[in-house]
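To be precise, the following lines are input21.cif, and they hold mmCIF, C-alpha atoms and all ligand atoms.
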data_coords
loop_
_atom_site.group_PDB
_atom_site.id
_atom_site.type_symbol
_atom_site.label_atom_id
_atom_site.label_comp_id
_atom_site.auth_asym_id
_atom_site.auth_seq_id
_atom_site.Cartn_x
_atom_site.Cartn_y
_atom_site.Cartn_z
ATOM 1 C CA MET H 1 96.122 -19.165 -94.913
ATOM 2 C CA LYS H 2 97.075 -22.608 -93.665
ATOM 3 C CA PHE H 3 100.491 -24.218 -94.036
ATOM 4 C CA GLY H 4 101.262 -27.836 -94.775
ATOM 5 C CA ILE H 5 104.172 -30.116 -95.502
ATOM 6 C CA ASN H 6 104.382 -32.862 -98.116
ATOM 7 C CA THR H 7 105.562 -36.241 -96.798
ATOM 8 C CA LEU H 8 107.801 -36.773 -99.847
ATOM 9 C CA LEU H 9 110.444 -34.684 -98.101
ATOM 10 C CA TYR H 10 110.860 -37.582 -95.666
ATOM 11 C CA ALA H 11 109.619 -40.755 -97.328
ATOM 12 C CA GLY H 12 109.031 -42.038 -100.864
ATOM 13 C CA THR H 13 106.559 -44.685 -99.742
ATOM 14 C CA PHE H 14 104.637 -43.348 -96.777
ATOM 15 C CA THR H 15 103.827 -46.166 -94.345
ATOM 16 C CA ASP H 16 102.506 -46.633 -90.794
ATOM 17 C CA GLN H 17 106.043 -46.222 -89.414
ATOM 18 C CA ASN H 18 106.234 -42.696 -90.838
ATOM 19 C CA VAL H 19 103.237 -41.334 -88.903
ATOM 20 C CA LYS H 20 105.579 -40.806 -85.951
ATOM 21 C CA ILE H 21 106.846 -37.755 -87.793
ATOM 22 C CA PHE H 22 103.523 -35.891 -87.358
ATOM 23 C CA LYS H 23 104.502 -34.834 -83.839
ATOM 24 C CA LYS H 24 107.576 -33.123 -85.261
ATOM 25 C CA PHE H 25 105.457 -31.384 -87.948
ATOM 26 C CA LYS H 26 103.225 -29.960 -85.234
ATOM 27 C CA GLU H 27 106.211 -28.769 -83.210
ATOM 28 C CA MET H 28 107.557 -27.048 -86.324
ATOM 29 C CA GLY H 29 104.285 -25.131 -86.615
ATOM 30 C CA PHE H 30 102.476 -26.771 -89.520
ATOM 31 C CA ASP H 31 98.662 -26.944 -89.657
ATOM 32 C CA GLY H 32 98.404 -29.899 -91.978
ATOM 33 C CA VAL H 33 100.136 -32.790 -93.704
ATOM 34 C CA GLU H 34 99.986 -33.636 -97.389
ATOM 35 C CA ILE H 35 100.287 -37.375 -97.641
ATOM 36 C CA ALA H 36 101.786 -38.761 -100.833
ATOM 37 C CA LEU H 37 100.044 -42.057 -101.454
ATOM 38 C CA GLU H 38 102.034 -44.535 -103.504
ATOM 39 C CA LYS H 39 99.445 -47.277 -103.373
ATOM 40 C CA LYS H 40 96.441 -48.502 -101.451
ATOM 41 C CA GLY H 41 97.511 -50.637 -98.487
ATOM 42 C CA ASP H 42 100.693 -48.683 -97.691
ATOM 43 C CA ILE H 43 99.028 -46.972 -94.745
ATOM 44 C CA ASN H 44 96.398 -47.916 -92.228
ATOM 45 C CA TYR H 45 94.224 -44.809 -92.492
ATOM 46 C CA GLY H 46 92.835 -45.278 -88.975
ATOM 47 C CA ILE H 47 96.334 -45.156 -87.473
ATOM 48 C CA ALA H 48 97.294 -42.095 -89.549
ATOM 49 C CA LEU H 49 94.081 -40.233 -88.707
ATOM 50 C CA ASN H 50 94.519 -40.983 -85.033
ATOM 51 C CA GLU H 51 98.102 -39.680 -85.080
ATOM 52 C CA LEU H 52 96.980 -36.537 -86.930
ATOM 53 C CA LYS H 53 94.265 -35.879 -84.352
ATOM 54 C CA GLU H 54 96.599 -36.546 -81.422
ATOM 55 C CA ASN H 55 98.875 -33.858 -82.769
ATOM 56 C CA ASP H 56 96.082 -31.437 -83.662
ATOM 57 C CA LEU H 57 96.927 -31.636 -87.372
ATOM 58 C CA GLU H 58 94.761 -32.293 -90.388
ATOM 59 C CA CYS H 59 95.355 -34.063 -93.652
ATOM 60 C CA SER H 60 95.419 -31.089 -96.010
ATOM 61 C CA SER H 61 95.481 -33.207 -99.146
ATOM 62 C CA ILE H 62 96.406 -36.482 -100.717
ATOM 63 C CA CYS H 63 99.213 -36.087 -103.249
ATOM 64 C CA GLY H 64 98.659 -38.313 -106.286
ATOM 65 C CA LEU H 65 101.530 -39.100 -108.635
ATOM 66 C CA PHE H 66 101.222 -41.556 -111.504
ATOM 67 C CA GLY H 67 104.178 -43.920 -111.758
ATOM 68 C CA PRO H 68 105.127 -45.339 -115.166
ATOM 69 C CA ASN H 69 102.298 -47.915 -115.278
ATOM 70 C CA ARG H 70 99.513 -45.466 -114.422
ATOM 71 C CA ASP H 71 98.451 -42.970 -117.030
ATOM 72 C CA ILE H 72 94.936 -41.876 -117.961
ATOM 73 C CA ARG H 73 95.878 -40.078 -121.184
ATOM 74 C CA GLY H 74 96.433 -43.334 -123.045
ATOM 75 C CA PRO H 75 96.884 -44.972 -125.388
ATOM 76 C CA ASN H 76 98.042 -47.893 -123.172
ATOM 77 C CA LYS H 77 94.815 -49.439 -121.870
ATOM 78 C CA GLU H 78 96.450 -51.183 -118.904
ATOM 79 C CA TYR H 79 97.931 -47.905 -117.714
ATOM 80 C CA ILE H 80 94.528 -46.213 -118.037
ATOM 81 C CA VAL H 81 92.968 -48.901 -115.835
ATOM 82 C CA GLY H 82 95.871 -48.499 -113.381
ATOM 83 C CA GLY H 83 95.524 -44.716 -113.343
ATOM 84 C CA LEU H 84 91.763 -44.755 -112.824
ATOM 85 C CA SER H 85 91.939 -47.306 -110.060
ATOM 86 C CA TYR H 86 94.768 -45.371 -108.338
ATOM 87 C CA MET H 87 92.711 -42.164 -108.479
ATOM 88 C CA ARG H 88 89.739 -43.935 -106.925
ATOM 89 C CA ASP H 89 92.046 -45.252 -104.190
ATOM 90 C CA CYS H 90 93.344 -41.716 -103.570
ATOM 91 C CA ILE H 91 89.784 -40.370 -103.325
ATOM 92 C CA ASP H 92 88.888 -43.120 -100.868
ATOM 93 C CA ALA H 93 92.045 -42.288 -98.876
ATOM 94 C CA CYS H 94 90.860 -38.668 -98.699
ATOM 95 C CA ILE H 95 87.554 -39.783 -97.186
ATOM 96 C CA SER H 96 89.259 -42.046 -94.660
ATOM 97 C CA LEU H 97 91.643 -39.270 -93.632
ATOM 98 C CA GLY H 98 88.945 -36.614 -93.316
ATOM 99 C CA CYS H 99 90.128 -34.469 -96.195
ATOM 100 C CA ASN H 100 88.410 -33.422 -99.403
ATOM 101 C CA LEU H 101 91.253 -32.770 -101.802
ATOM 102 C CA LEU H 102 93.295 -34.928 -104.157
ATOM 103 C CA ILE H 103 96.089 -32.911 -105.723
ATOM 104 C CA GLY H 104 98.943 -33.382 -108.189
ATOM 105 C CA PRO H 105 99.567 -34.057 -111.879
ATOM 106 C CA VAL H 106 96.907 -36.767 -112.123
ATOM 107 C CA TYR H 107 96.455 -36.514 -115.883
ATOM 108 C CA SER H 108 99.628 -38.359 -116.922
ATOM 109 C CA ALA H 109 102.665 -40.268 -115.679
ATOM 110 C CA VAL H 110 105.371 -38.096 -114.121
ATOM 111 C CA GLY H 111 108.410 -38.195 -116.389
ATOM 112 C CA ARG H 112 106.467 -38.908 -119.580
ATOM 113 C CA ALA H 113 107.899 -36.138 -121.697
ATOM 114 C CA ASN H 114 108.294 -36.846 -125.416
ATOM 115 C CA LEU H 115 107.924 -35.114 -128.725
ATOM 116 C CA GLU H 116 104.410 -36.170 -129.814
ATOM 117 C CA SER H 117 102.631 -35.479 -133.086
ATOM 118 C CA GLY H 118 99.724 -33.031 -133.048
ATOM 119 C CA GLU H 119 97.339 -35.888 -133.891
ATOM 120 C CA ALA H 120 98.607 -38.091 -131.042
ATOM 121 C CA LYS H 121 98.302 -35.174 -128.621
ATOM 122 C CA LYS H 122 94.703 -34.522 -129.724
ATOM 123 C CA GLU H 123 93.791 -38.173 -129.121
ATOM 124 C CA GLN H 124 95.486 -38.122 -125.696
ATOM 125 C CA TRP H 125 93.593 -34.964 -124.774
ATOM 126 C CA LYS H 126 90.269 -36.647 -125.690
ATOM 127 C CA THR H 127 91.232 -39.752 -123.698
ATOM 128 C CA ALA H 128 92.271 -37.695 -120.664
ATOM 129 C CA VAL H 129 88.998 -35.717 -120.808
ATOM 130 C CA LYS H 130 86.917 -38.904 -121.031
ATOM 131 C CA ASN H 131 88.759 -40.538 -118.124
ATOM 132 C CA LEU H 132 88.726 -37.428 -115.948
ATOM 133 C CA LYS H 133 84.974 -37.152 -116.515
ATOM 134 C CA GLU H 134 84.631 -40.712 -115.227
ATOM 135 C CA VAL H 135 86.819 -40.126 -112.180
ATOM 136 C CA CYS H 136 85.030 -36.850 -111.426
ATOM 137 C CA LYS H 137 81.751 -38.757 -111.095
ATOM 138 C CA HIS H 138 83.319 -40.808 -108.310
ATOM 139 C CA ALA H 139 84.795 -37.608 -106.825
ATOM 140 C CA GLU H 140 81.356 -35.991 -106.912
ATOM 141 C CA ASP H 141 79.745 -38.936 -105.117
ATOM 142 C CA LYS H 142 82.431 -38.711 -102.420
ATOM 143 C CA ARG H 143 82.516 -34.875 -102.346
ATOM 144 C CA VAL H 144 86.270 -34.811 -102.948
ATOM 145 C CA PHE H 145 87.836 -32.161 -105.184
ATOM 146 C CA ILE H 146 90.675 -32.913 -107.598
ATOM 147 C CA ALA H 147 93.197 -30.129 -108.215
ATOM 148 C CA LEU H 148 95.363 -30.650 -111.319
ATOM 149 C CA GLU H 149 98.975 -29.492 -111.199
ATOM 150 C CA PRO H 150 100.839 -28.302 -114.303
ATOM 151 C CA LEU H 151 104.406 -29.653 -114.284
ATOM 152 C CA ASN H 152 107.539 -28.387 -115.958
ATOM 153 C CA ARG H 153 108.562 -29.618 -119.431
ATOM 154 C CA PHE H 154 111.054 -32.193 -118.114
ATOM 155 C CA GLU H 155 108.366 -34.003 -116.114
ATOM 156 C CA THR H 156 105.492 -33.889 -118.609
ATOM 157 C CA ASP H 157 104.747 -32.818 -122.171
ATOM 158 C CA PHE H 158 101.005 -32.603 -121.431
ATOM 159 C CA ILE H 159 100.039 -29.798 -118.998
ATOM 160 C CA ASN H 160 102.852 -27.283 -118.402
ATOM 161 C CA THR H 161 100.906 -24.077 -117.797
ATOM 162 C CA CYS H 162 97.924 -22.803 -115.900
ATOM 163 C CA THR H 163 96.161 -21.943 -119.185
ATOM 164 C CA GLN H 164 96.473 -25.561 -120.356
ATOM 165 C CA ALA H 165 95.026 -26.747 -117.034
ATOM 166 C CA ILE H 166 92.129 -24.305 -117.394
ATOM 167 C CA ASN H 167 91.437 -25.642 -120.911
ATOM 168 C CA LEU H 168 91.447 -29.236 -119.694
ATOM 169 C CA ILE H 169 89.100 -28.381 -116.831
ATOM 170 C CA ARG H 170 86.792 -26.552 -119.250
ATOM 171 C CA ASP H 171 86.583 -29.652 -121.468
ATOM 172 C CA VAL H 172 85.974 -32.039 -118.562
ATOM 173 C CA ASP H 173 83.287 -29.705 -117.265
ATOM 174 C CA SER H 174 83.006 -30.928 -113.677
ATOM 175 C CA ASN H 175 82.680 -28.779 -110.567
ATOM 176 C CA MET H 176 84.982 -31.210 -108.798
ATOM 177 C CA LEU H 177 87.984 -30.356 -110.980
ATOM 178 C CA LYS H 178 90.208 -27.470 -109.844
ATOM 179 C CA ILE H 179 93.755 -26.141 -110.216
ATOM 180 C CA HIS H 180 96.883 -26.678 -108.177
ATOM 181 C CA LEU H 181 99.868 -24.401 -108.862
ATOM 182 C CA ASP H 182 103.471 -24.920 -107.789
ATOM 183 C CA THR H 183 105.990 -22.041 -107.659
ATOM 184 C CA PHE H 184 108.815 -24.295 -108.913
ATOM 185 C CA HIS H 185 106.983 -25.300 -112.093
ATOM 186 C CA MET H 186 105.533 -21.818 -112.692
ATOM 187 C CA ASN H 187 109.031 -20.360 -112.425
ATOM 188 C CA ILE H 188 110.085 -22.526 -115.386
ATOM 189 C CA GLU H 189 106.969 -22.464 -117.563
ATOM 190 C CA GLU H 190 104.862 -19.348 -117.050
ATOM 191 C CA LYS H 191 105.581 -15.949 -118.594
ATOM 192 C CA SER H 192 104.360 -14.562 -115.290
ATOM 193 C CA SER H 193 103.539 -16.505 -112.127
ATOM 194 C CA THR H 194 101.415 -13.539 -111.032
ATOM 195 C CA GLN H 195 99.296 -13.783 -114.176
ATOM 196 C CA ALA H 196 98.958 -17.560 -113.797
ATOM 197 C CA ILE H 197 97.629 -17.153 -110.247
ATOM 198 C CA LEU H 198 95.227 -14.405 -111.350
ATOM 199 C CA ASP H 199 94.053 -16.557 -114.285
ATOM 200 C CA ALA H 200 93.411 -19.507 -111.976
ATOM 201 C CA GLY H 201 91.383 -17.262 -109.641
ATOM 202 C CA ASP H 202 88.551 -19.141 -107.934
ATOM 203 C CA LEU H 203 89.691 -22.385 -109.523
ATOM 204 C CA LEU H 204 92.870 -22.341 -107.429
ATOM 205 C CA TYR H 205 92.326 -24.947 -104.723
ATOM 206 C CA HIS H 206 95.895 -25.837 -103.817
ATOM 207 C CA PHE H 207 99.363 -24.309 -103.788
ATOM 208 C CA HIS H 208 102.874 -25.766 -103.548
ATOM 209 C CA ALA H 209 105.641 -23.524 -102.264
ATOM 210 C CA SER H 210 108.968 -24.671 -103.626
ATOM 211 C CA GLU H 211 112.084 -22.690 -104.481
ATOM 212 C CA ASN H 212 113.588 -22.573 -107.982
ATOM 213 C CA ASP H 213 116.177 -25.180 -106.866
ATOM 214 C CA ARG H 214 113.495 -27.161 -104.978
ATOM 215 C CA GLY H 215 115.049 -25.937 -101.739
ATOM 216 C CA ALA H 216 113.471 -24.042 -98.844
ATOM 217 C CA PRO H 217 111.011 -21.323 -99.935
ATOM 218 C CA GLY H 218 112.618 -17.916 -99.521
ATOM 219 C CA THR H 219 116.205 -18.965 -100.193
ATOM 220 C CA GLY H 220 116.288 -18.643 -103.982
ATOM 221 C CA GLN H 221 115.034 -16.765 -107.018
ATOM 222 C CA VAL H 222 111.236 -17.137 -106.844
ATOM 223 C CA HIS H 223 109.555 -13.701 -106.611
ATOM 224 C CA TRP H 224 107.743 -14.454 -103.370
ATOM 225 C CA ASN H 225 106.374 -10.956 -102.786
ATOM 226 C CA LYS H 226 104.677 -11.018 -106.180
ATOM 227 C CA VAL H 227 103.365 -14.539 -105.558
ATOM 228 C CA ALA H 228 101.949 -13.501 -102.177
ATOM 229 C CA SER H 229 100.354 -10.390 -103.568
ATOM 230 C CA ALA H 230 98.670 -12.333 -106.420
ATOM 231 C CA LEU H 231 97.360 -14.915 -103.938
ATOM 232 C CA LYS H 232 95.975 -12.095 -101.799
ATOM 233 C CA ASP H 233 94.375 -10.496 -104.876
ATOM 234 C CA ILE H 234 92.375 -13.638 -105.653
ATOM 235 C CA GLY H 235 91.452 -14.099 -101.979
ATOM 236 C CA TYR H 236 93.315 -17.409 -101.691
ATOM 237 C CA ASN H 237 92.953 -18.806 -98.178
ATOM 238 C CA ARG H 238 93.501 -22.501 -98.663
ATOM 239 C CA TYR H 239 96.645 -24.515 -97.986
ATOM 240 C CA ILE H 240 100.166 -23.524 -98.954
ATOM 241 C CA VAL H 241 102.170 -26.727 -98.803
ATOM 242 C CA ILE H 242 105.956 -26.871 -98.770
ATOM 243 C CA GLU H 243 106.987 -29.444 -101.310
ATOM 244 C CA SER H 244 110.632 -30.264 -101.425
ATOM 245 C CA PHE H 245 112.778 -33.302 -101.841
ATOM 246 C CA THR H 246 116.175 -34.495 -100.711
ATOM 247 C CA PRO H 247 118.533 -36.962 -102.424
ATOM 248 C CA GLU H 248 117.984 -39.454 -99.568
ATOM 249 C CA VAL H 249 114.427 -40.227 -100.707
ATOM 250 C CA LYS H 250 115.562 -42.053 -103.824
ATOM 251 C CA VAL H 251 112.259 -42.626 -105.688
ATOM 252 C CA ILE H 252 111.253 -38.982 -105.830
ATOM 253 C CA ALA H 253 114.871 -37.784 -106.147
ATOM 254 C CA LYS H 254 115.064 -39.604 -109.487
ATOM 255 C CA ALA H 255 111.623 -38.423 -110.677
ATOM 256 C CA ALA H 256 112.294 -34.785 -109.764
ATOM 257 C CA SER H 257 116.046 -34.790 -110.601
ATOM 258 C CA ILE H 258 117.255 -33.950 -107.098
ATOM 259 C CA TRP H 259 120.980 -34.559 -107.209
ATOM 260 C CA ARG H 260 122.271 -32.449 -104.336
ATOM 261 C CA GLN H 261 121.356 -31.256 -100.886
ATOM 262 C CA THR H 262 120.156 -27.638 -100.570
ATOM 263 C CA GLU H 263 119.963 -27.722 -96.763
ATOM 264 C CA LYS H 264 121.511 -29.876 -94.049
ATOM 265 C CA ASP H 265 118.389 -32.070 -94.024
ATOM 266 C CA GLY H 266 114.640 -32.073 -94.576
ATOM 267 C CA TYR H 267 113.897 -30.737 -91.097
ATOM 268 C CA VAL H 268 116.062 -27.652 -91.568
ATOM 269 C CA LEU H 269 114.507 -27.111 -94.984
ATOM 270 C CA ALA H 270 110.939 -27.352 -93.659
ATOM 271 C CA GLU H 271 111.604 -25.132 -90.651
ATOM 272 C CA LYS H 272 113.353 -22.457 -92.694
ATOM 273 C CA GLY H 273 110.663 -22.522 -95.387
ATOM 274 C CA LEU H 274 107.795 -22.335 -92.927
ATOM 275 C CA GLU H 275 109.314 -19.420 -91.027
ATOM 276 C CA PHE H 276 109.737 -17.547 -94.296
ATOM 277 C CA LEU H 277 106.191 -18.249 -95.536
ATOM 278 C CA LYS H 278 104.602 -17.285 -92.227
ATOM 279 C CA GLY H 279 106.506 -13.993 -92.364
ATOM 280 C CA LEU H 280 105.413 -13.436 -95.961
ATOM 281 C CA PHE H 281 101.714 -13.776 -95.157
ATOM 282 C CA LYS H 282 101.755 -12.021 -91.773
HETATM 283 C C1 LIG F 301 104.373 -32.896 -107.551
HETATM 284 O O1 LIG F 301 103.624 -32.010 -106.784
HETATM 285 C C2 LIG F 301 105.443 -32.187 -108.258
HETATM 286 O O2 LIG F 301 105.565 -30.986 -108.166
HETATM 287 C C3 LIG F 301 106.331 -32.983 -109.143
HETATM 288 O O3 LIG F 301 107.323 -32.151 -109.678
HETATM 289 C C4 LIG F 301 106.969 -34.172 -108.483
HETATM 290 O O4 LIG F 301 107.776 -34.850 -109.405
HETATM 291 MN MN MN F 302 104.272 -29.760 -106.766
#

So, in terms of structure tokens, how does the structure I just supplied come out?
Amino acid sequence: MKFGINTLLYAGTFTDQNVKIFKKFKEMGFDGVEIALEKKGDINYGIALNELKENDLECSSICGLFGPNRDIRGPNKEYIVGGLSYMRDCIDACISLGCNLLIGPVYSAVGRANLESGEAKKEQWKTAVKNLKEVCKHAEDKRVFIALEPLNRFETDFINTCTQAINLIRDVDSNMLKIHLDTFHMNIEEKSSTQAILDAGDLLYHFHASENDRGAPGTGQVHWNKVASALKDIGYNRYIVIESFTPEVKVIAKAASIWRQTEKDGYVLAEKGLEFLKGLFK
């Protein structure tokens, strides 16, 4: 098992200035960094890769999040174009940073959660399948996997559960498309997080560790022993990335409804969470 940390804990828009933080991540004991890419051009990939190497870290994954004007499930054509081009940029970022995994809810805009008619939903499903097929061709050429993350009901009305993600992947029918599960979202949406992990099985390519209050893993109500045992059962040995947010990083605080501090700061949160996770998988 390898452990990573998502940059959203420290910066909404990750830029060249933020790479200085990698040294601290290494000192804390992380193996990798999950870089949240807001848009192409925010980071000089050469500088970031150099800083990762200097600190004996790797880029575990690129975290893709669609803002309001990027959305591949339609019907807005401009947003589809924006979403597809952003996904291609994320895949290219993966290549430049020596990683082979784009993760996150890259099927719809975060925060798009409405009551839709059955007909509208069916159309959106078809549109998402068509567009994911297209993006998967690019992913296949570049040998980059895409792991789709179900989100809770307040952040999307489209893919809330592992079963829905499996159905979408089945319809897209590409070997490049995989699943990414997050303990925070599973805790809200799944009947059983254990069952969701078992159902994902070999398709599980990425995992976010986040407490039920988005605080440090191990400090809240998530059933971590059951989660760990299910991950062991499916032979999961990829990255477990701590994903958490603080109110200081305004963009993501709004998107993920983070209104209060759960720890003194992001460093304490990451350190506490990592110590707990390492103990859990010892
Ligand atoms: C992204 O990984 C995630 O979990 C979302 O809830 C962020 O808004
Ligand atoms: Mn997540």

**Prompt:** Residues at most 12 Å from Arg170 (chain H), counting all atoms listed in the file, excluding those fewer than 4 positions away in the same chain, as a PyMOL selection string?
**Reply:** chain H and resi 129+132-133+163-166+174-179+203

Would you export the selected residues with C-alpha atoms as an mmCIF file, in the coordinates of the input, please?
data_model
loop_
_atom_site.group_PDB
_atom_site.id
_atom_site.type_symbol
_atom_site.label_atom_id
_atom_site.label_comp_id
_atom_site.auth_asym_id
_atom_site.auth_seq_id
_atom_site.Cartn_x
_atom_site.Cartn_y
_atom_site.Cartn_z
ATOM 1 C CA VAL H 129 88.998 -35.717 -120.808
ATOM 2 C CA LEU H 132 88.726 -37.428 -115.948
ATOM 3 C CA LYS H 133 84.974 -37.152 -116.515
ATOM 4 C CA THR H 163 96.161 -21.943 -119.185
ATOM 5 C CA GLN H 164 96.473 -25.561 -120.356
ATOM 6 C CA ALA H 165 95.026 -26.747 -117.034
ATOM 7 C CA ILE H 166 92.129 -24.305 -117.394
ATOM 8 C CA SER H 174 83.006 -30.928 -113.677
ATOM 9 C CA ASN H 175 82.680 -28.779 -110.567
ATOM 10 C CA MET H 176 84.982 -31.210 -108.798
ATOM 11 C CA LEU H 177 87.984 -30.356 -110.980
ATOM 12 C CA LYS H 178 90.208 -27.470 -109.844
ATOM 13 C CA ILE H 179 93.755 -26.141 -110.216
ATOM 14 C CA LEU H 203 89.691 -22.385 -109.523
#

**Item:** Nearest residue to ligand LIG 301 (chain F) from the set H:Ala48, H:Ala200, H:Ile146, H:Val241 (distances using only C-alpha atoms and all ligand atoms)
**Value:**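 Smallest distance to ligand LIG 301 (chain F) is found for H:Val241.
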
**Prompt:** ligand LIG 301 (chain F): which residues are within 8 Å, counting all atoms listed in the file, as a PyMOL selection string?
**Reply:** chain H and resi 63-65+103-105+110-111+149+151-152+155+182+184-185+208+243+252+255-256

For the residues selected in the previous step, produce a file with C-alpha atoms as a tab-separated table (two decimals), in the coordinates of the input.
chain	number	residue	atom	x	y	z
H	63	CYS	CA	99.21	-36.09	-103.25
H	64	GLY	CA	98.66	-38.31	-106.29
H	65	LEU	CA	101.53	-39.10	-108.64
H	103	ILE	CA	96.09	-32.91	-105.72
H	104	GLY	CA	98.94	-33.38	-108.19
H	105	PRO	CA	99.57	-34.06	-111.88
H	110	VAL	CA	105.37	-38.10	-114.12
H	111	GLY	CA	108.41	-38.20	-116.39
H	149	GLU	CA	98.98	-29.49	-111.20
H	151	LEU	CA	104.41	-29.65	-114.28
H	152	ASN	CA	107.54	-28.39	-115.96
H	155	GLU	CA	108.37	-34.00	-116.11
H	182	ASP	CA	103.47	-24.92	-107.79
H	184	PHE	CA	108.82	-24.30	-108.91
H	185	HIS	CA	106.98	-25.30	-112.09
H	208	HIS	CA	102.87	-25.77	-103.55
H	243	GLU	CA	106.99	-29.44	-101.31
H	252	ILE	CA	111.25	-38.98	-105.83
H	255	ALA	CA	111.62	-38.42	-110.68
H	256	ALA	CA	112.29	-34.78	-109.76

**Fill in**
Expressed in Å, the length from CA of Asp16 (chain H) to CA of Gly4 (chain H) is 19.3 Å

**Message:** On this structure, the PyMOL selection byres (((chain H and resi 188) around 10) and not hetatm) would catch which residues? List them as a list in words, sorted by chain and number.
**Reply:** Leu151, Asn152, Arg153, Asn160, Thr161, Thr183, Phe184, His185, Met186, Asn187, Glu189, Glu190, Lys191, Ser192, Ser193 and Asn212 of chain H

**Message:** Show me, as a PyMOL selection string, the residues that have an atom within 8 Å of region 53-62 of chain H when counting only C-alpha atoms, minus same-chain residues fewer than 5 positions from it.
**Reply:** chain H and resi 4+22-23+26+30-37+90+93-94+97-103+239

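Evaluated on this file, the PyMOL selection byres (((chain H and resi 67) around 10) and not hetatm) matches H:Glu38, H:Gly64, H:Leu65, H:Phe66, H:Pro68, H:Asn69, H:Arg70, H:Asp71, H:Tyr79, H:Gly82, H:Gly83, H:Ser108, H:Ala109, H:Val110, H:Gly111, H:Arg112, H:Ala255.
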
**Asked** Skipping near chain neighbours, those fewer than 4 positions away, what residues fall within 9 Å of Met28 (chain H) using only C-alpha atoms, listed as a list in words?
**Response**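 Neighbouring residues, sequence-local ones excluded: Lys23, Lys24, Tyr267, Ala270, Glu271 and Leu274 of chain H.
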
**Request:** Spell out the residues picked by the PyMOL selection byres (((chain H and resi 124) around 12) and not hetatm) here, as a PyMOL selection string.
**Result:** chain H and resi 71-77+80+107-108+116-123+125-132+157-159+168

File dump, residues just selected, C-alpha atoms, as a compact mmCIF listing (two decimals), in the coordinates of the input:
# COMPACT_ATOMS: atom_id res chain seq x y z
CA ASP H 71 98.45 -42.97 -117.03
CA ILE H 72 94.94 -41.88 -117.96
CA ARG H 73 95.88 -40.08 -121.18
CA GLY H 74 96.43 -43.33 -123.04
CA PRO H 75 96.88 -44.97 -125.39
CA ASN H 76 98.04 -47.89 -123.17
CA LYS H 77 94.82 -49.44 -121.87
CA ILE H 80 94.53 -46.21 -118.04
CA TYR H 107 96.46 -36.51 -115.88
CA SER H 108 99.63 -38.36 -116.92
CA GLU H 116 104.41 -36.17 -129.81
CA SER H 117 102.63 -35.48 -133.09
CA GLY H 118 99.72 -33.03 -133.05
CA GLU H 119 97.34 -35.89 -133.89
CA ALA H 120 98.61 -38.09 -131.04
CA LYS H 121 98.30 -35.17 -128.62
CA LYS H 122 94.70 -34.52 -129.72
CA GLU H 123 93.79 -38.17 -129.12
CA TRP H 125 93.59 -34.96 -124.77
CA LYS H 126 90.27 -36.65 -125.69
CA THR H 127 91.23 -39.75 -123.70
CA ALA H 128 92.27 -37.70 -120.66
CA VAL H 129 89.00 -35.72 -120.81
CA LYS H 130 86.92 -38.90 -121.03
CA ASN H 131 88.76 -40.54 -118.12
CA LEU H 132 88.73 -37.43 -115.95
CA ASP H 157 104.75 -32.82 -122.17
CA PHE H 158 101.00 -32.60 -121.43
CA ILE H 159 100.04 -29.80 -119.00
CA LEU H 168 91.45 -29.24 -119.69

**Message:** Quick one: residues within 12 Å of Tyr10 (chain H), all atoms listed in the file, excluding same-chain residues fewer than 2 positions away - as a PyMOL selection string?
**Reply:** chain H and resi 5-8+12-15+17-22+24-25+33-36+243-253+265-270
